[in-house]
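Peer 1: Contents of final21.cif (mmCIF, C-alpha atoms) are below:
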data_entry
#
loop_
_atom_site.group_PDB
_atom_site.id
_atom_site.type_symbol
_atom_site.label_atom_id
_atom_site.label_comp_id
_atom_site.auth_asym_id
_atom_site.auth_seq_id
_atom_site.Cartn_x
_atom_site.Cartn_y
_atom_site.Cartn_z
ATOM 1 C CA MET A 1001 -24.693 -103.559 12.312
ATOM 2 C CA SER A 1002 -27.872 -104.579 14.037
ATOM 3 C CA ALA A 1003 -30.636 -102.271 15.216
ATOM 4 C CA ALA A 1004 -29.336 -102.522 18.776
ATOM 5 C CA ASP A 1005 -25.875 -101.358 17.613
ATOM 6 C CA TYR A 1006 -27.378 -98.332 15.860
ATOM 7 C CA SER A 1007 -29.363 -97.298 18.911
ATOM 8 C CA ALA A 1008 -26.374 -97.865 21.189
ATOM 9 C CA HIS A 1009 -24.218 -95.557 19.060
ATOM 10 C CA GLY A 1010 -26.925 -92.913 18.748
ATOM 11 C CA HIS A 1011 -27.602 -93.454 15.042
ATOM 12 C CA HIS A 1012 -31.165 -93.027 13.930
ATOM 13 C CA ASP A 1013 -32.858 -93.195 10.571
ATOM 14 C CA ASP A 1014 -35.099 -90.313 11.603
ATOM 15 C CA HIS A 1015 -33.587 -87.013 10.488
ATOM 16 C CA GLY A 1016 -36.676 -84.885 11.162
ATOM 17 C CA ASN A 1017 -36.652 -81.658 13.092
ATOM 18 C CA HIS A 1018 -37.849 -82.333 16.634
ATOM 19 C CA GLY A 1019 -38.663 -79.515 18.973
ATOM 20 C CA SER A 1020 -37.029 -78.946 22.296
ATOM 21 C CA MET A 1021 -38.868 -78.832 25.601
ATOM 22 C CA ARG A 1022 -38.616 -75.014 25.404
ATOM 23 C CA ASP A 1023 -40.448 -75.026 22.043
ATOM 24 C CA TYR A 1024 -43.213 -77.242 23.385
ATOM 25 C CA VAL A 1025 -43.676 -75.072 26.487
ATOM 26 C CA ILE A 1026 -43.804 -71.886 24.382
ATOM 27 C CA GLY A 1027 -46.335 -73.518 22.021
ATOM 28 C CA PHE A 1028 -48.438 -74.716 24.944
ATOM 29 C CA LEU A 1029 -48.456 -71.306 26.631
ATOM 30 C CA LEU A 1030 -49.353 -69.546 23.374
ATOM 31 C CA SER A 1031 -52.161 -72.051 22.794
ATOM 32 C CA VAL A 1032 -53.572 -71.481 26.273
ATOM 33 C CA VAL A 1033 -53.473 -67.695 25.853
ATOM 34 C CA LEU A 1034 -54.984 -67.895 22.356
ATOM 35 C CA THR A 1035 -57.818 -69.998 23.790
ATOM 36 C CA ALA A 1036 -58.383 -67.997 26.967
ATOM 37 C CA ILE A 1037 -58.681 -64.585 25.297
ATOM 38 C CA PRO A 1038 -61.563 -65.528 22.927
ATOM 39 C CA PHE A 1039 -63.263 -67.383 25.786
ATOM 40 C CA TRP A 1040 -63.039 -64.241 27.931
ATOM 41 C CA LEU A 1041 -64.299 -62.071 25.039
ATOM 42 C CA VAL A 1042 -67.419 -64.205 24.686
ATOM 43 C CA MET A 1043 -68.126 -64.679 28.384
ATOM 44 C CA SER A 1044 -67.656 -61.014 29.326
ATOM 45 C CA HIS A 1045 -69.399 -59.602 26.228
ATOM 46 C CA ALA A 1046 -66.390 -57.286 25.817
ATOM 47 C CA ILE A 1047 -67.347 -56.616 22.194
ATOM 48 C CA ALA A 1048 -71.007 -55.679 21.803
ATOM 49 C CA ASP A 1049 -71.287 -56.542 18.105
ATOM 50 C CA ARG A 1050 -71.705 -60.300 17.540
ATOM 51 C CA GLN A 1051 -70.168 -60.216 14.063
ATOM 52 C CA ALA A 1052 -67.101 -58.375 15.301
ATOM 53 C CA THR A 1053 -66.729 -60.905 18.113
ATOM 54 C CA ALA A 1054 -66.954 -63.749 15.604
ATOM 55 C CA LEU A 1055 -64.304 -62.143 13.394
ATOM 56 C CA VAL A 1056 -61.960 -61.637 16.347
ATOM 57 C CA ILE A 1057 -62.437 -65.259 17.412
ATOM 58 C CA MET A 1058 -61.699 -66.456 13.869
ATOM 59 C CA ALA A 1059 -58.540 -64.345 13.809
ATOM 60 C CA PHE A 1060 -57.406 -65.923 17.091
ATOM 61 C CA ALA A 1061 -58.213 -69.365 15.643
ATOM 62 C CA ILE A 1062 -56.052 -68.715 12.580
ATOM 63 C CA VAL A 1063 -53.170 -67.549 14.764
ATOM 64 C CA GLN A 1064 -53.574 -70.645 16.911
ATOM 65 C CA ILE A 1065 -53.447 -72.896 13.838
ATOM 66 C CA VAL A 1066 -50.160 -71.265 12.854
ATOM 67 C CA VAL A 1067 -48.785 -71.717 16.394
ATOM 68 C CA HIS A 1068 -49.699 -75.413 16.316
ATOM 69 C CA MET A 1069 -48.101 -75.900 12.913
ATOM 70 C CA ILE A 1070 -44.854 -74.242 13.971
ATOM 71 C CA TYR A 1071 -44.417 -75.471 17.559
ATOM 72 C CA PHE A 1072 -46.073 -78.896 17.476
ATOM 73 C CA LEU A 1073 -46.002 -80.067 13.845
ATOM 74 C CA HIS A 1074 -42.572 -78.471 13.204
ATOM 75 C CA MET A 1075 -43.622 -77.187 9.808
ATOM 76 C CA ASN A 1076 -41.245 -74.731 8.221
ATOM 77 C CA ALA A 1077 -39.755 -74.060 4.807
ATOM 78 C CA LYS A 1078 -36.676 -76.183 5.606
ATOM 79 C CA ALA A 1079 -38.521 -79.369 6.618
ATOM 80 C CA GLU A 1080 -38.496 -82.004 3.866
ATOM 81 C CA SER A 1081 -37.255 -79.460 1.316
ATOM 82 C CA GLY A 1082 -40.435 -77.411 1.628
ATOM 83 C CA TRP A 1083 -42.807 -80.227 0.643
ATOM 84 C CA THR A 1084 -44.766 -79.941 3.883
ATOM 85 C CA ILE A 1085 -45.449 -76.272 3.134
ATOM 86 C CA MET A 1086 -46.484 -77.142 -0.430
ATOM 87 C CA ALA A 1087 -48.860 -79.828 0.880
ATOM 88 C CA LEU A 1088 -50.303 -77.322 3.352
ATOM 89 C CA ILE A 1089 -50.827 -74.682 0.661
ATOM 90 C CA PHE A 1090 -52.523 -77.248 -1.597
ATOM 91 C CA THR A 1091 -54.792 -78.364 1.261
ATOM 92 C CA VAL A 1092 -55.750 -74.780 2.127
ATOM 93 C CA ILE A 1093 -56.579 -74.021 -1.521
ATOM 94 C CA ILE A 1094 -58.775 -77.123 -1.813
ATOM 95 C CA VAL A 1095 -60.594 -76.308 1.452
ATOM 96 C CA ILE A 1096 -61.190 -72.698 0.343
ATOM 97 C CA ILE A 1097 -62.556 -73.850 -3.021
ATOM 98 C CA ALA A 1098 -64.842 -76.412 -1.368
ATOM 99 C CA LEU A 1099 -66.142 -74.014 1.283
ATOM 100 C CA SER A 1100 -66.642 -71.019 -0.992
ATOM 101 C CA GLY A 1101 -68.287 -73.188 -3.650
ATOM 102 C CA SER A 1102 -70.636 -74.710 -1.088
ATOM 103 C CA LEU A 1103 -71.568 -71.319 0.320
ATOM 104 C CA TRP A 1104 -72.108 -69.926 -3.182
ATOM 105 C CA VAL A 1105 -74.390 -72.828 -4.141
ATOM 106 C CA MET A 1106 -76.374 -72.605 -0.888
ATOM 107 C CA TYR A 1107 -76.810 -68.835 -1.236
ATOM 108 C CA HIS A 1108 -78.052 -69.103 -4.803
ATOM 109 C CA LEU A 1109 -80.350 -72.025 -3.997
ATOM 110 C CA ASN A 1110 -81.846 -70.025 -1.151
ATOM 111 C CA HIS A 1111 -82.170 -66.917 -3.326
ATOM 112 C CA ASN A 1112 -83.694 -68.728 -6.315
ATOM 113 C CA MET A 1113 -85.878 -71.270 -4.541
ATOM 114 C CA MET A 1114 -87.410 -69.292 -1.667
ATOM 115 C CA PRO A 1115 -90.490 -67.257 -2.586
ATOM 116 C CA THR A 1116 -90.489 -63.577 -1.735
ATOM 117 C CA ALA A 1117 -93.182 -61.893 0.368
ATOM 118 C CA HIS A 1118 -94.690 -60.391 -2.794
ATOM 119 C CA GLU A 1119 -94.998 -63.796 -4.442
ATOM 120 C CA MET A 1120 -96.468 -65.312 -1.276
ATOM 121 C CA GLY A 1121 -99.263 -62.694 -1.273
ATOM 122 C CA GLN A 1122 -100.329 -63.765 -4.754
ATOM 123 C CA MET A 1123 -100.653 -67.438 -3.832
ATOM 124 C CA PRO A 1124 -104.187 -68.745 -3.266
#
Translate this structure into structure tokens?
Peer 2:
Amino acid sequence: MSAADYSAHGHHDDHGNHGSMRDYVIGFLLSVVLTAIPFWLVMSHAIADRQATALVIMAFAIVQIVVHMIYFLHMNAKAESGWTIMALIFTVIIVIIALSGSLWVMYHLNHNMMPTAHEMGQMP
């Protein structure tokens, strides 16, 4: 059979899980809400503490990443026998190691290389 025959009979080589229009609309609406709430929190100064606001925004960002992975990237434990989840877990571990290692090195460089106020007073 030719490629035209396969498409005419509805046969496709692609066996991936594609979302329905309902899934895309739900994902879009969740994404809009998960963007609008942090925007409102920052613009209205609803939370007085800046660190708390940053933590809330990061929590919304993490939830939004999960929404995108589920509704738009169609990642679940069943897709490709779980290999997409394994690749995601590996990527997250590598990113955490790289970020935490970088922050650790920068903190210790700053701590060990910057003179203290006491040491600065002794300089000529």
Peer 1: Exactly which residues make up the result of the PyMOL selection byres ((chain A and resi 1069-1084) around 12) on this file, given as a PyMOL selection string?
Peer 2: chain A and resi 1014-1031+1062-1068+1085-1091
Peer 1: Could you jot down the atom CA of Ala1036 of chain A to atom CA of Ala1054 of chain A separation for me, Å, one decimal place?
Peer 2: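 Between these atoms lies a distance of 14.9 Å.
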Peer 1: Which value, in Å to one decimal, gives the distance between atom CA of Arg1050 of chain A and atom CA of Leu1099 of chain A?
Peer 2: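 A separation of 22.0 Å between them.
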Peer 1: How many Å lie between atom CA of Ile1096 of chain A and atom CA of Leu1055 of chain A, rounded to one decimal?
Peer 2: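 Atom-to-atom, atom CA of Ile1096 of chain A and atom CA of Leu1055 of chain A are spaced 17.1 Å apart.
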Peer 1: Centre and edge lengths of an axis-aligned box around all listed atoms of segment 1050-1055 of chain A, with 5 Å added on each side, are to be given in Å to one decimal, as AutoDock Vina command-line options.
Peer 2:
--center_x -68.0 --center_y -61.1 --center_z 15.8 --size_x 17.4 --size_y 15.4 --size_z 14.7
